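final_26.csv follows; it contains CSV, C-alpha atoms and all ligand atoms.
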chain,number,residue,atom,x,y,z
A,8,MET,CA,-31.0,-46.1,13.3
A,9,SER,CA,-29.0,-42.8,13.4
A,10,LEU,CA,-30.6,-39.4,12.6
A,11,LEU,CA,-28.5,-39.1,9.5
A,12,ARG,CA,-29.6,-42.5,8.2
A,13,ARG,CA,-33.2,-41.9,9.1
A,14,LEU,CA,-33.3,-38.5,7.4
A,15,ALA,CA,-31.6,-40.1,4.4
A,16,VAL,CA,-34.2,-42.9,4.2
A,17,LEU,CA,-37.0,-40.4,4.6
A,18,ASN,CA,-35.7,-38.2,1.9
A,19,ARG,CA,-34.3,-41.0,-0.4
A,20,VAL,CA,-30.8,-39.6,-0.5
A,21,SER,CA,-27.5,-41.3,0.5
A,22,PRO,CA,-26.5,-40.7,4.2
A,23,ASN,CA,-23.3,-38.8,3.2
A,24,LYS,CA,-25.5,-36.2,1.5
A,25,CYS,CA,-27.5,-35.6,4.6
A,26,PHE,CA,-26.1,-33.7,7.5
A,27,ILE,CA,-26.9,-32.3,10.8
A,28,PRO,CA,-26.7,-28.5,10.9
A,29,ALA,CA,-23.6,-26.8,12.2
A,30,ARG,CA,-25.9,-24.6,14.2
A,31,PRO,CA,-28.4,-26.1,16.5
A,32,PHE,CA,-31.3,-23.7,15.7
A,33,GLY,CA,-32.7,-22.0,12.6
A,34,ASN,CA,-31.6,-18.5,11.5
A,35,GLY,CA,-34.7,-16.8,10.2
A,36,THR,CA,-34.7,-16.4,6.5
A,37,ASN,CA,-31.0,-16.4,6.1
A,38,THR,CA,-29.8,-19.2,4.0
A,39,LEU,CA,-27.6,-21.3,6.2
A,40,TYR,CA,-26.7,-23.8,3.4
A,41,GLN,CA,-25.9,-22.6,-0.1
A,42,SER,CA,-24.9,-25.9,-1.5
A,43,ASN,CA,-27.6,-26.1,-4.1
A,44,PRO,CA,-27.4,-29.1,-6.5
A,45,PRO,CA,-25.4,-28.1,-9.6
A,46,GLN,CA,-28.4,-28.0,-11.9
A,47,ALA,CA,-29.7,-24.9,-10.0
A,48,ARG,CA,-27.3,-22.8,-12.2
A,49,PHE,CA,-29.6,-23.4,-15.1
A,50,PHE,CA,-32.6,-22.0,-13.3
A,51,PRO,CA,-31.8,-18.6,-11.7
A,52,PRO,CA,-34.9,-16.9,-10.4
A,53,SER,CA,-36.1,-13.9,-12.4
A,54,GLU,CA,-37.9,-11.7,-9.8
A,55,GLY,CA,-38.4,-8.5,-11.8
A,56,ILE,CA,-42.1,-7.7,-12.2
A,57,MET,CA,-43.4,-9.5,-15.3
A,58,LEU,CA,-46.6,-7.6,-16.1
A,59,LEU,CA,-46.8,-4.1,-17.7
A,60,PRO,CA,-46.8,-1.1,-15.4
A,61,GLY,CA,-50.3,0.1,-14.7
A,62,THR,CA,-51.9,-3.4,-15.1
A,63,TYR,CA,-53.7,-2.9,-11.8
A,64,LYS,CA,-54.5,0.8,-12.0
A,65,ASN,CA,-57.8,1.6,-10.4
A,66,LYS,CA,-58.0,-2.0,-8.9
A,67,VAL,CA,-58.4,-2.8,-5.2
A,68,ALA,CA,-56.7,-5.9,-3.8
A,69,PHE,CA,-57.3,-7.5,-0.4
A,70,ILE,CA,-54.6,-9.8,0.8
A,71,THR,CA,-54.8,-11.8,4.0
A,72,GLY,CA,-51.5,-12.4,5.7
A,73,GLY,CA,-50.1,-9.5,3.5
A,74,GLY,CA,-47.7,-8.2,6.2
A,75,THR,CA,-45.1,-10.9,5.8
A,76,GLY,CA,-43.5,-13.5,3.5
A,77,LEU,CA,-45.4,-14.4,0.3
A,78,GLY,CA,-48.3,-12.1,1.2
A,79,LYS,CA,-45.9,-9.2,1.4
A,80,ALA,CA,-44.3,-10.1,-1.9
A,81,MET,CA,-47.7,-10.4,-3.7
A,82,THR,CA,-48.7,-7.0,-2.2
A,83,THR,CA,-45.5,-5.4,-3.3
A,84,THR,CA,-46.0,-6.7,-6.9
A,85,LEU,CA,-49.7,-5.7,-7.1
A,86,SER,CA,-48.9,-2.3,-5.6
A,87,SER,CA,-46.0,-1.8,-8.0
A,88,LEU,CA,-48.5,-2.5,-10.9
A,89,GLY,CA,-50.9,0.2,-9.6
A,90,ALA,CA,-53.3,-1.5,-7.3
A,91,GLU,CA,-54.5,0.0,-4.0
A,92,CYS,CA,-53.9,-2.8,-1.6
A,93,VAL,CA,-55.4,-3.7,1.7
A,94,ILE,CA,-53.5,-6.1,3.9
A,95,ALA,CA,-55.1,-7.9,6.8
A,96,SER,CA,-53.9,-10.1,9.6
A,97,ARG,CA,-53.7,-10.2,13.4
A,98,ASN,CA,-50.5,-8.2,14.0
A,99,LEU,CA,-51.4,-4.6,13.2
A,100,GLU,CA,-48.0,-3.3,14.0
A,101,VAL,CA,-46.3,-5.6,11.5
A,102,LEU,CA,-49.0,-4.7,8.9
A,103,LYS,CA,-48.6,-1.0,9.3
A,104,LYS,CA,-44.8,-1.3,9.0
A,105,THR,CA,-45.2,-3.3,5.8
A,106,ALA,CA,-47.9,-1.0,4.4
A,107,ASP,CA,-45.6,2.0,4.9
A,108,GLU,CA,-42.6,0.3,3.4
A,109,ILE,CA,-44.5,-0.8,0.3
A,110,SER,CA,-46.3,2.5,-0.2
A,111,GLN,CA,-43.0,4.3,0.0
A,112,GLN,CA,-41.5,1.9,-2.5
A,113,THR,CA,-44.3,2.0,-5.1
A,114,GLY,CA,-46.0,5.3,-4.5
A,115,ASN,CA,-49.4,3.6,-4.2
A,116,LYS,CA,-51.5,3.5,-1.0
A,117,VAL,CA,-51.4,0.3,1.1
A,118,HIS,CA,-53.9,0.0,3.9
A,119,ALA,CA,-53.5,-2.1,7.1
A,120,VAL,CA,-56.5,-3.7,8.6
A,121,GLN,CA,-56.5,-5.9,11.7
A,122,CYS,CA,-58.2,-9.3,11.1
A,123,ASN,CA,-58.3,-12.7,12.7
A,124,VAL,CA,-59.6,-14.9,9.9
A,125,ARG,CA,-60.7,-17.6,12.2
A,126,ASP,CA,-63.2,-15.3,13.8
A,127,PRO,CA,-66.2,-14.5,11.5
A,128,ALA,CA,-66.9,-11.3,13.5
A,129,SER,CA,-63.4,-10.1,13.0
A,130,VAL,CA,-63.6,-10.9,9.3
A,131,GLU,CA,-66.9,-9.0,9.0
A,132,ALA,CA,-65.4,-5.9,10.7
A,133,ALA,CA,-62.3,-6.0,8.5
A,134,VAL,CA,-64.4,-6.3,5.3
A,135,ASN,CA,-66.5,-3.4,6.5
A,136,GLN,CA,-63.3,-1.4,6.9
A,137,LEU,CA,-62.1,-2.4,3.5
A,138,VAL,CA,-65.4,-1.4,1.9
A,139,ASN,CA,-65.5,1.9,3.8
A,140,ASP,CA,-61.9,2.8,3.0
A,141,VAL,CA,-61.5,1.7,-0.6
A,142,GLY,CA,-64.7,-0.1,-1.8
A,143,LEU,CA,-65.3,-3.7,-2.8
A,144,PRO,CA,-62.1,-5.4,-4.0
A,145,ASP,CA,-61.3,-6.6,-7.5
A,146,VAL,CA,-58.8,-9.1,-6.2
A,147,VAL,CA,-58.9,-11.2,-3.0
A,148,ILE,CA,-55.9,-13.3,-2.0
A,149,ASN,CA,-56.5,-15.9,0.7
A,150,ASN,CA,-52.9,-16.3,1.8
A,151,ALA,CA,-53.1,-16.3,5.7
A,152,ALA,CA,-52.2,-19.6,7.3
A,153,GLU,CA,-50.6,-21.3,10.3
A,154,ASN,CA,-48.8,-24.6,10.3
A,155,PHE,CA,-46.3,-26.6,12.4
A,156,ILE,CA,-44.7,-30.0,12.1
A,157,SER,CA,-45.8,-32.7,14.7
A,158,PRO,CA,-46.4,-36.4,14.9
A,159,SER,CA,-50.1,-36.7,14.6
A,160,GLU,CA,-50.4,-38.8,17.8
A,161,LYS,CA,-49.3,-35.6,19.6
A,162,LEU,CA,-52.0,-33.4,18.2
A,163,SER,CA,-54.6,-32.0,20.7
A,164,PRO,CA,-58.1,-31.1,19.6
A,165,ASN,CA,-57.1,-27.5,20.1
A,166,ALA,CA,-54.1,-27.8,17.7
A,167,TRP,CA,-56.3,-29.4,15.1
A,168,ARG,CA,-59.0,-26.7,15.6
A,169,THR,CA,-56.5,-23.8,15.4
A,170,ILE,CA,-54.9,-24.9,12.1
A,171,THR,CA,-58.2,-25.9,10.4
A,172,ASP,CA,-60.0,-22.8,11.7
A,173,ILE,CA,-57.4,-20.5,10.3
A,174,VAL,CA,-56.7,-22.2,7.0
A,175,LEU,CA,-60.0,-23.7,5.9
A,176,ASN,CA,-62.6,-21.8,7.9
A,177,GLY,CA,-60.7,-18.5,7.7
A,178,THR,CA,-60.6,-18.8,3.9
A,179,ALA,CA,-64.3,-19.7,3.9
A,180,TYR,CA,-65.3,-16.7,6.1
A,181,VAL,CA,-63.3,-14.2,4.0
A,182,THR,CA,-64.6,-15.7,0.7
A,183,LEU,CA,-68.3,-15.9,1.7
A,184,ASP,CA,-68.4,-12.5,3.3
A,185,ILE,CA,-66.8,-10.7,0.3
A,186,GLY,CA,-68.5,-12.9,-2.2
A,187,LYS,CA,-72.0,-12.2,-0.9
A,188,ARG,CA,-71.3,-8.4,-1.0
A,189,LEU,CA,-69.9,-8.7,-4.5
A,190,ILE,CA,-73.0,-10.6,-5.7
A,191,LYS,CA,-75.3,-7.9,-4.1
A,192,ALA,CA,-73.3,-5.2,-5.8
A,193,GLU,CA,-73.2,-7.1,-9.1
A,194,LYS,CA,-69.4,-6.7,-9.2
A,195,GLY,CA,-67.0,-9.4,-10.3
A,196,ALA,CA,-63.6,-10.2,-8.8
A,197,ALA,CA,-60.6,-12.6,-9.0
A,198,PHE,CA,-59.9,-14.8,-6.0
A,199,LEU,CA,-56.7,-16.6,-5.4
A,200,ALA,CA,-55.8,-19.1,-2.7
A,201,ILE,CA,-52.3,-20.1,-1.7
A,202,THR,CA,-52.3,-23.7,-0.7
A,203,THR,CA,-49.5,-26.2,-0.9
A,204,ILE,CA,-48.3,-29.2,-3.0
A,205,TYR,CA,-49.3,-31.7,-0.3
A,206,ALA,CA,-52.9,-30.5,-0.6
A,207,GLU,CA,-52.9,-33.1,-3.5
A,208,SER,CA,-51.0,-35.9,-1.9
A,209,GLY,CA,-51.6,-35.4,1.8
A,210,SER,CA,-48.5,-35.5,4.1
A,211,GLY,CA,-47.6,-37.0,7.4
A,212,PHE,CA,-46.5,-34.7,10.2
A,213,VAL,CA,-48.6,-31.7,8.9
A,214,VAL,CA,-52.0,-33.5,8.9
A,215,PRO,CA,-54.3,-30.6,10.0
A,216,SER,CA,-52.7,-28.3,7.4
A,217,ALA,CA,-52.9,-31.0,4.7
A,218,ALA,CA,-56.6,-31.6,5.4
A,219,ALA,CA,-57.4,-27.9,5.6
A,220,LYS,CA,-55.5,-26.9,2.4
A,221,ALA,CA,-57.2,-29.8,0.5
A,222,GLY,CA,-60.5,-28.3,1.8
A,223,VAL,CA,-59.4,-24.8,0.5
A,224,LYS,CA,-58.7,-26.3,-2.9
A,225,THR,CA,-62.2,-27.9,-3.1
A,226,LEU,CA,-63.8,-24.7,-1.8
A,227,CYS,CA,-62.2,-22.7,-4.6
A,228,THR,CA,-62.8,-25.2,-7.4
A,229,SER,CA,-66.5,-25.5,-6.3
A,230,LEU,CA,-67.0,-21.8,-6.2
A,231,ALA,CA,-65.2,-21.4,-9.6
A,232,ALA,CA,-68.0,-23.5,-11.0
A,233,GLU,CA,-70.9,-21.9,-9.0
A,234,TRP,CA,-70.0,-18.2,-8.9
A,235,GLY,CA,-68.7,-17.8,-12.5
A,236,ARG,CA,-72.2,-16.6,-13.2
A,237,TYR,CA,-71.6,-13.7,-10.8
A,238,GLY,CA,-68.3,-12.6,-12.4
A,239,MET,CA,-66.0,-14.3,-10.0
A,240,ARG,CA,-62.9,-16.4,-10.8
A,241,PHE,CA,-61.2,-18.7,-8.3
A,242,ASN,CA,-57.6,-20.0,-8.8
A,243,ILE,CA,-55.1,-21.8,-6.6
A,244,ILE,CA,-51.3,-21.7,-6.4
A,245,GLN,CA,-49.6,-24.6,-4.7
A,246,PRO,CA,-46.1,-23.4,-3.8
A,247,GLY,CA,-43.2,-25.7,-3.0
A,248,PRO,CA,-40.7,-24.7,-0.4
A,249,ILE,CA,-39.8,-21.0,-0.2
A,250,LYS,CA,-37.7,-19.6,2.5
A,251,THR,CA,-39.9,-17.3,4.5
A,252,LYS,CA,-39.3,-16.8,8.2
A,253,GLY,CA,-42.9,-17.8,9.0
A,254,ALA,CA,-42.8,-21.1,7.1
A,255,PHE,CA,-39.2,-22.2,7.9
A,256,SER,CA,-39.3,-21.4,11.6
A,257,ARG,CA,-42.2,-23.8,12.1
A,258,MET,CA,-41.5,-26.3,9.4
A,259,ASP,CA,-37.7,-26.6,9.7
A,260,PRO,CA,-37.1,-25.3,13.2
A,261,ILE,CA,-33.6,-26.7,13.6
A,262,GLY,CA,-32.5,-26.1,10.0
A,263,THR,CA,-32.0,-29.8,9.2
A,264,PHE,CA,-34.4,-30.3,6.3
A,265,GLU,CA,-33.4,-27.5,4.0
A,266,GLN,CA,-30.5,-29.3,2.4
A,267,VAL,CA,-32.4,-32.6,2.1
A,268,MET,CA,-35.3,-30.7,0.6
A,269,LEU,CA,-33.0,-29.4,-2.1
A,270,GLU,CA,-32.1,-33.0,-3.1
A,271,ASN,CA,-35.8,-33.6,-4.0
A,272,ILE,CA,-36.3,-30.5,-6.1
A,273,ALA,CA,-35.8,-31.1,-9.8
A,274,VAL,CA,-34.4,-27.6,-10.5
A,275,GLY,CA,-32.1,-27.8,-7.5
A,276,ARG,CA,-33.2,-24.7,-5.6
A,277,LEU,CA,-35.9,-23.3,-3.4
A,278,GLY,CA,-38.5,-20.9,-4.9
A,279,THR,CA,-38.6,-17.2,-4.2
A,280,PRO,CA,-41.4,-15.0,-3.0
A,281,GLY,CA,-41.0,-12.9,-6.2
A,282,GLU,CA,-41.7,-15.9,-8.4
A,283,ILE,CA,-45.0,-16.6,-6.6
A,284,ALA,CA,-45.9,-12.9,-6.8
A,285,ASN,CA,-45.5,-12.8,-10.6
A,286,LEU,CA,-47.8,-15.8,-11.0
A,287,ALA,CA,-50.3,-14.4,-8.6
A,288,ALA,CA,-50.3,-11.1,-10.4
A,289,TYR,CA,-51.0,-12.8,-13.7
A,290,LEU,CA,-53.8,-15.1,-12.3
A,291,CYS,CA,-55.6,-12.1,-10.7
A,292,SER,CA,-55.2,-9.9,-13.8
A,293,ASP,CA,-57.5,-9.4,-16.8
A,294,TYR,CA,-54.9,-11.3,-18.8
A,295,ALA,CA,-56.1,-14.4,-17.0
A,296,SER,CA,-59.9,-13.7,-17.4
A,297,TRP,CA,-60.3,-17.2,-19.1
A,298,VAL,CA,-58.5,-18.9,-16.2
A,299,THR,CA,-60.7,-20.1,-13.4
A,300,GLY,CA,-60.8,-23.3,-11.3
A,301,ALA,CA,-57.1,-23.7,-12.1
A,302,ILE,CA,-54.7,-25.3,-9.7
A,303,ILE,CA,-51.1,-24.4,-10.5
A,304,ARG,CA,-48.2,-26.1,-8.8
A,305,MET,CA,-45.1,-24.0,-8.6
A,306,ASP,CA,-42.5,-26.0,-6.9
A,307,GLY,CA,-39.4,-26.5,-9.0
A,308,GLY,CA,-40.5,-30.0,-9.7
A,309,LYS,CA,-40.6,-31.2,-6.1
A,310,TYR,CA,-43.9,-33.0,-6.3
A,311,VAL,CA,-43.0,-35.0,-9.4
A,312,SER,CA,-39.6,-35.8,-8.0
A,313,LEU,CA,-41.1,-37.2,-4.8
A,314,ALA,CA,-43.9,-39.0,-6.7
A,315,GLY,CA,-42.0,-41.0,-9.4
A,316,GLU,CA,-41.4,-44.6,-8.3
A,317,PHE,CA,-38.1,-44.9,-10.1
A,318,ASN,CA,-36.7,-41.3,-9.6
A,319,GLY,CA,-34.3,-42.6,-6.9
A,320,MET,CA,-32.3,-44.1,-9.8
A,321,LYS,CA,-30.6,-40.8,-10.3
A,322,GLU,CA,-28.2,-42.2,-7.7
A,323,VAL,CA,-27.3,-45.2,-9.9
A,324,THR,CA,-23.7,-44.9,-11.3
A,325,GLN,CA,-22.7,-45.7,-14.9
A,326,GLU,CA,-21.0,-48.9,-13.8
A,327,GLN,CA,-24.2,-50.0,-12.0
A,328,TRP,CA,-26.3,-49.2,-15.1
A,329,ALA,CA,-23.9,-51.3,-17.3
A,330,ILE,CA,-24.4,-54.3,-14.9
A,331,MET,CA,-28.1,-53.9,-14.9
A,332,GLU,CA,-28.3,-53.5,-18.7
A,333,ALA,CA,-26.3,-56.7,-19.2
A,334,LYS,CA,-28.7,-58.5,-16.8
A,335,ILE,CA,-31.8,-57.2,-18.6
A,336,ARG,CA,-30.3,-58.2,-22.0
A,337,ASN,CA,-30.0,-61.7,-20.6
A,338,THR,CA,-33.7,-62.0,-19.9
A,339,LYS,CA,-35.7,-63.9,-22.5
A,340,ARG,CA,-38.4,-61.3,-23.0
A,341,ILE,CA,-36.4,-58.3,-24.2
A,342,VAL,CA,-34.1,-59.3,-27.0
A,343,ASN,CA,-33.8,-56.1,-29.1
A,344,LEU,CA,-32.5,-53.5,-26.7
A,401,LIG,P1,-45.9,-16.3,6.8
A,401,LIG,O1,-45.0,-15.2,6.6
A,401,LIG,O2,-45.9,-16.9,8.2
A,401,LIG,O3,-47.3,-15.8,6.4
A,401,LIG,C1,-48.5,-16.2,7.1
A,401,LIG,C2,-49.4,-15.0,7.3
A,401,LIG,O4,-50.6,-15.4,7.8
A,401,LIG,C3,-48.8,-14.1,8.3
A,401,LIG,O5,-48.7,-12.8,7.8
A,401,LIG,C4,-49.8,-14.1,9.5
A,401,LIG,O6,-49.9,-12.7,10.0
A,401,LIG,C5,-51.0,-14.5,8.8
A,401,LIG,N1,-52.0,-15.2,9.7
A,401,LIG,C6,-51.7,-16.3,10.4
A,401,LIG,N2,-52.8,-16.6,11.2
A,401,LIG,C7,-53.7,-15.6,10.9
A,401,LIG,C8,-55.0,-15.4,11.3
A,401,LIG,N3,-55.6,-16.2,12.3
A,401,LIG,N4,-55.7,-14.3,10.8
A,401,LIG,C9,-55.2,-13.5,9.9
A,401,LIG,N5,-53.9,-13.7,9.4
A,401,LIG,C10,-53.2,-14.7,9.9
A,401,LIG,O7,-45.5,-17.5,5.9
A,401,LIG,P2,-45.5,-17.6,4.3
A,401,LIG,O8,-44.5,-18.7,4.0
A,401,LIG,O9,-45.4,-16.3,3.7
A,401,LIG,O10,-46.9,-18.3,4.0
A,401,LIG,C11,-47.9,-17.7,3.2
A,401,LIG,C12,-48.8,-18.7,2.5
A,401,LIG,O11,-48.0,-19.6,1.7
A,401,LIG,C13,-49.5,-19.7,3.5
A,401,LIG,O12,-50.8,-19.9,3.1
A,401,LIG,C14,-48.6,-20.9,3.4
A,401,LIG,O13,-49.4,-22.1,3.8
A,401,LIG,C15,-48.3,-20.9,2.0
A,401,LIG,N6,-47.1,-21.7,1.6
A,401,LIG,C16,-45.9,-21.3,2.0
A,401,LIG,C17,-44.8,-22.1,1.6
A,401,LIG,C18,-43.4,-21.7,1.9
A,401,LIG,O14,-42.5,-22.6,1.8
A,401,LIG,N7,-43.1,-20.5,2.4
A,401,LIG,C19,-45.0,-23.3,0.9
A,401,LIG,C20,-46.3,-23.7,0.6
A,401,LIG,C21,-47.4,-22.9,0.9
A,401,LIG,P3,-50.3,-12.5,11.6
A,401,LIG,O15,-49.3,-13.3,12.4
A,401,LIG,O16,-50.1,-11.0,11.7
A,401,LIG,O17,-51.7,-12.8,11.8
Would you write out, as structure tokens, the structure that this file holds?
Amino acid sequence: MSLLRRLAVLNRVSPNKCFIPARPFGNGTNTLYQSNPPQARFFPPSEGIMLLPGTYKNKVAFITGGGTGLGKAMTTTLSSLGAECVIASRNLEVLKKTADEISQQTGNKVHAVQCNVRDPASVEAAVNQLVNDVGLPDVVINNAAENFISPSEKLSPNAWRTITDIVLNGTAYVTLDIGKRLIKAEKGAAFLAITTIYAESGSGFVVPSAAAKAGVKTLCTSLAAEWGRYGMRFNIIQPGPIKTKGAFSRMDPIGTFEQVMLENIAVGRLGTPGEIANLAAYLCSDYASWVTGAIIRMDGGKYVSLAGEFNGMKEVTQEQWAIMEAKIRNTKRIVNL
């Protein structure tokens, strides 16, 4: 079977809508293909900051993976709303650059702290630095993650360990370390985890990530129930595809899947970092103080489009519908159509 046909079958689109990229390799976050399905014109992204200025005044936010992609966008939004942000990940150089850029843009301090979330000692050191520099946080966003596509039969134990250590164990180390300190200090906080739509369904070819993200979801919903009594809320955003360099360089390395992905998104376009950032800012704010244990899918309708058994019938033409209708009318059971 040709690659075209196989991709078409995999993505339930006709082969002539599925094409091999003109360039053999990906191109960072630049959009190589702008041929969004026509309905996208009804759903332009609004990326302006939604909440009122000053919503996060005197609040401290700790964001893992805050130097790039969605983490950077969430940090920019919280900082614009008045928060003092601390961003943490492995690459201190990238963190510092992002922290300076956001501080200059918003006029609020952003701190950069080196942290490898898969290493509990590194997490403890980073949280010590956070507490020393700005105090215990009001907001904690577990956003750091790694992922790559691979047939599962090619996964080594090390590959499995790396992804599940960063995604699931990393989230647990950050949450438990900060949570214990908050309990001791009798201080509340809003936690948010960024998972993915396939944390619900599972997905082939990203099995360690799917298993770990499902674990993160359960960690958060469990703690939402247990630690509400200490003033902590836990919510989850499940984003659909958003073109960040980190995600697309490992999930769509040759740029083949972007167009076929679009065919399966009800609103006909990818999401934007700003859209996730607005939802994150709401969920971590006092406006959402009655929201905990919530799992919010923000994916332009991708999940439901892939799930519905008959959704492929969008491809059926008017002529084909007429033939089918006539056949259905001829059946004995349905007489009054
Ligand atoms: P990204 O830019 O690659 O962000 C991932 C971040 O995690 C990086 O800043 C990275 O920084 C950090 N990180 C990785 N390993 C780490 C470790 N061991 N310790 C500390 N930090 C670590 O990609 P993104 O698209 O913005 O992804 C952000 C989140 O959204 C992830 O949880 C991802 O699963 C989720 N998500 C994204 C999409 C999408 O389409 N973009 C869809 C669904 C879910 P360092 O390299 O400096 O450590």
Coordinates-based distance that separates atom CA of Lys79 of chain A from atom CA of Ala95 of chain A (Å, one decimal):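 Taking atom CA of Ala95 of chain A and atom CA of Lys79 of chain A, their separation equals 10.7 Å.
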Original post:
For ligand LIG 401 (chain A), which of A:Lys220, A:Lys66, A:His118, A:Lys321 is the closest residue, counting only C-alpha atoms and all ligand atoms?
Top reply: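 With only C-alpha atoms and all ligand atoms as the atom set, the closest residue is A:Lys220.
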Counting all atoms listed in the file, closest pick from A:Ala206, A:Ile185, A:Ala132, A:Ala166 relative to ligand LIG 401 (chain A) is A:Ala206
Q) For ligand LIG 401 (chain A), which residue among A:Thr75, A:Thr171, A:Gln327, A:Asn135 is the nearest when counting all atoms listed in the file? A)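 Once distances to ligand LIG 401 (chain A) are computed over all atoms listed in the file, the minimum belongs to A:Thr75.
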Give the residue list for ligand LIG 401 (chain A) at 6 Å, counting all atoms listed in the file, as a ChimeraX atom specification, sorted by chain and then by residue number. /A:71-78,96-98,122-125,150-153,173,201-203,246-251,253-254
query: Of the candidates A:Ile303, A:Cys291, A:Val174, A:Ala128, which one gets nearest to Leu199 of chain A if we count only C-alpha atoms?
result: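 Of A:Ile303, A:Cys291, A:Val174, A:Ala128, the one nearest Leu199 of chain A is A:Cys291, counting only C-alpha atoms.
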Among the residues A:Gly281, A:Gly142, A:Gly235, A:Gly275, the one that comes closest to Gly300 of chain A [using only C-alpha atoms]:
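Checking each of A:Gly281, A:Gly142, A:Gly235, A:Gly275 against Gly300 of chain A, counting only C-alpha atoms, the winner is A:Gly235.
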* Would you work out the distance separating atom CA of Lys309 of chain A from atom CA of Ala273 of chain A, expressed in Å to one decimal? =>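 About the pair atom CA of Lys309 of chain A and atom CA of Ala273 of chain A: they are 6.1 Å apart.
Atom CA of Leu143 of chain A is positioned 15.5 Å from atom CA of Ala119 of chain A.
Shortest atom-to-atom contact with Val67 of chain A among A:Ile148, A:Ala179, A:Ala133, A:Ala80: A:Ile148, counting only C-alpha atoms.
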Save segment 235-248 of chain A from what I just supplied, as a compact mmCIF listing (two decimals), in the first residue's frame, atoms limited to N, CA and C atoms.
# COMPACT_ATOMS: atom_id res chain seq x y z
N GLY A 235 -8.21 19.25 48.75
CA GLY A 235 -9.10 20.41 48.83
C GLY A 235 -9.13 20.94 50.26
N ARG A 236 -9.03 20.02 51.21
CA ARG A 236 -9.10 20.43 52.63
C ARG A 236 -7.91 21.29 53.04
N TYR A 237 -6.85 21.28 52.22
CA TYR A 237 -5.70 22.15 52.51
C TYR A 237 -5.70 23.42 51.65
N GLY A 238 -6.75 23.63 50.89
CA GLY A 238 -6.82 24.85 50.09
C GLY A 238 -6.22 24.72 48.70
N MET A 239 -6.04 23.48 48.26
CA MET A 239 -5.43 23.30 46.93
C MET A 239 -6.46 22.82 45.91
N ARG A 240 -6.39 23.41 44.72
CA ARG A 240 -7.24 22.97 43.59
C ARG A 240 -6.33 22.34 42.54
N PHE A 241 -6.88 21.39 41.81
CA PHE A 241 -6.11 20.71 40.74
C PHE A 241 -6.98 20.59 39.50
N ASN A 242 -6.54 21.17 38.41
CA ASN A 242 -7.28 21.05 37.15
C ASN A 242 -6.34 20.63 36.03
N ILE A 243 -6.96 20.23 34.93
CA ILE A 243 -6.19 19.64 33.83
C ILE A 243 -6.68 20.23 32.51
N ILE A 244 -5.75 20.62 31.67
CA ILE A 244 -6.10 20.98 30.28
C ILE A 244 -5.55 19.89 29.37
N GLN A 245 -6.41 19.41 28.48
CA GLN A 245 -5.98 18.44 27.46
C GLN A 245 -5.96 19.18 26.12
N PRO A 246 -4.80 19.68 25.68
CA PRO A 246 -4.79 20.40 24.40
C PRO A 246 -4.77 19.42 23.22
N GLY A 247 -5.37 19.85 22.13
CA GLY A 247 -5.18 19.18 20.85
C GLY A 247 -3.91 19.74 20.22
N PRO A 248 -3.70 19.52 18.91
CA PRO A 248 -2.43 19.94 18.30
C PRO A 248 -2.25 21.45 18.19
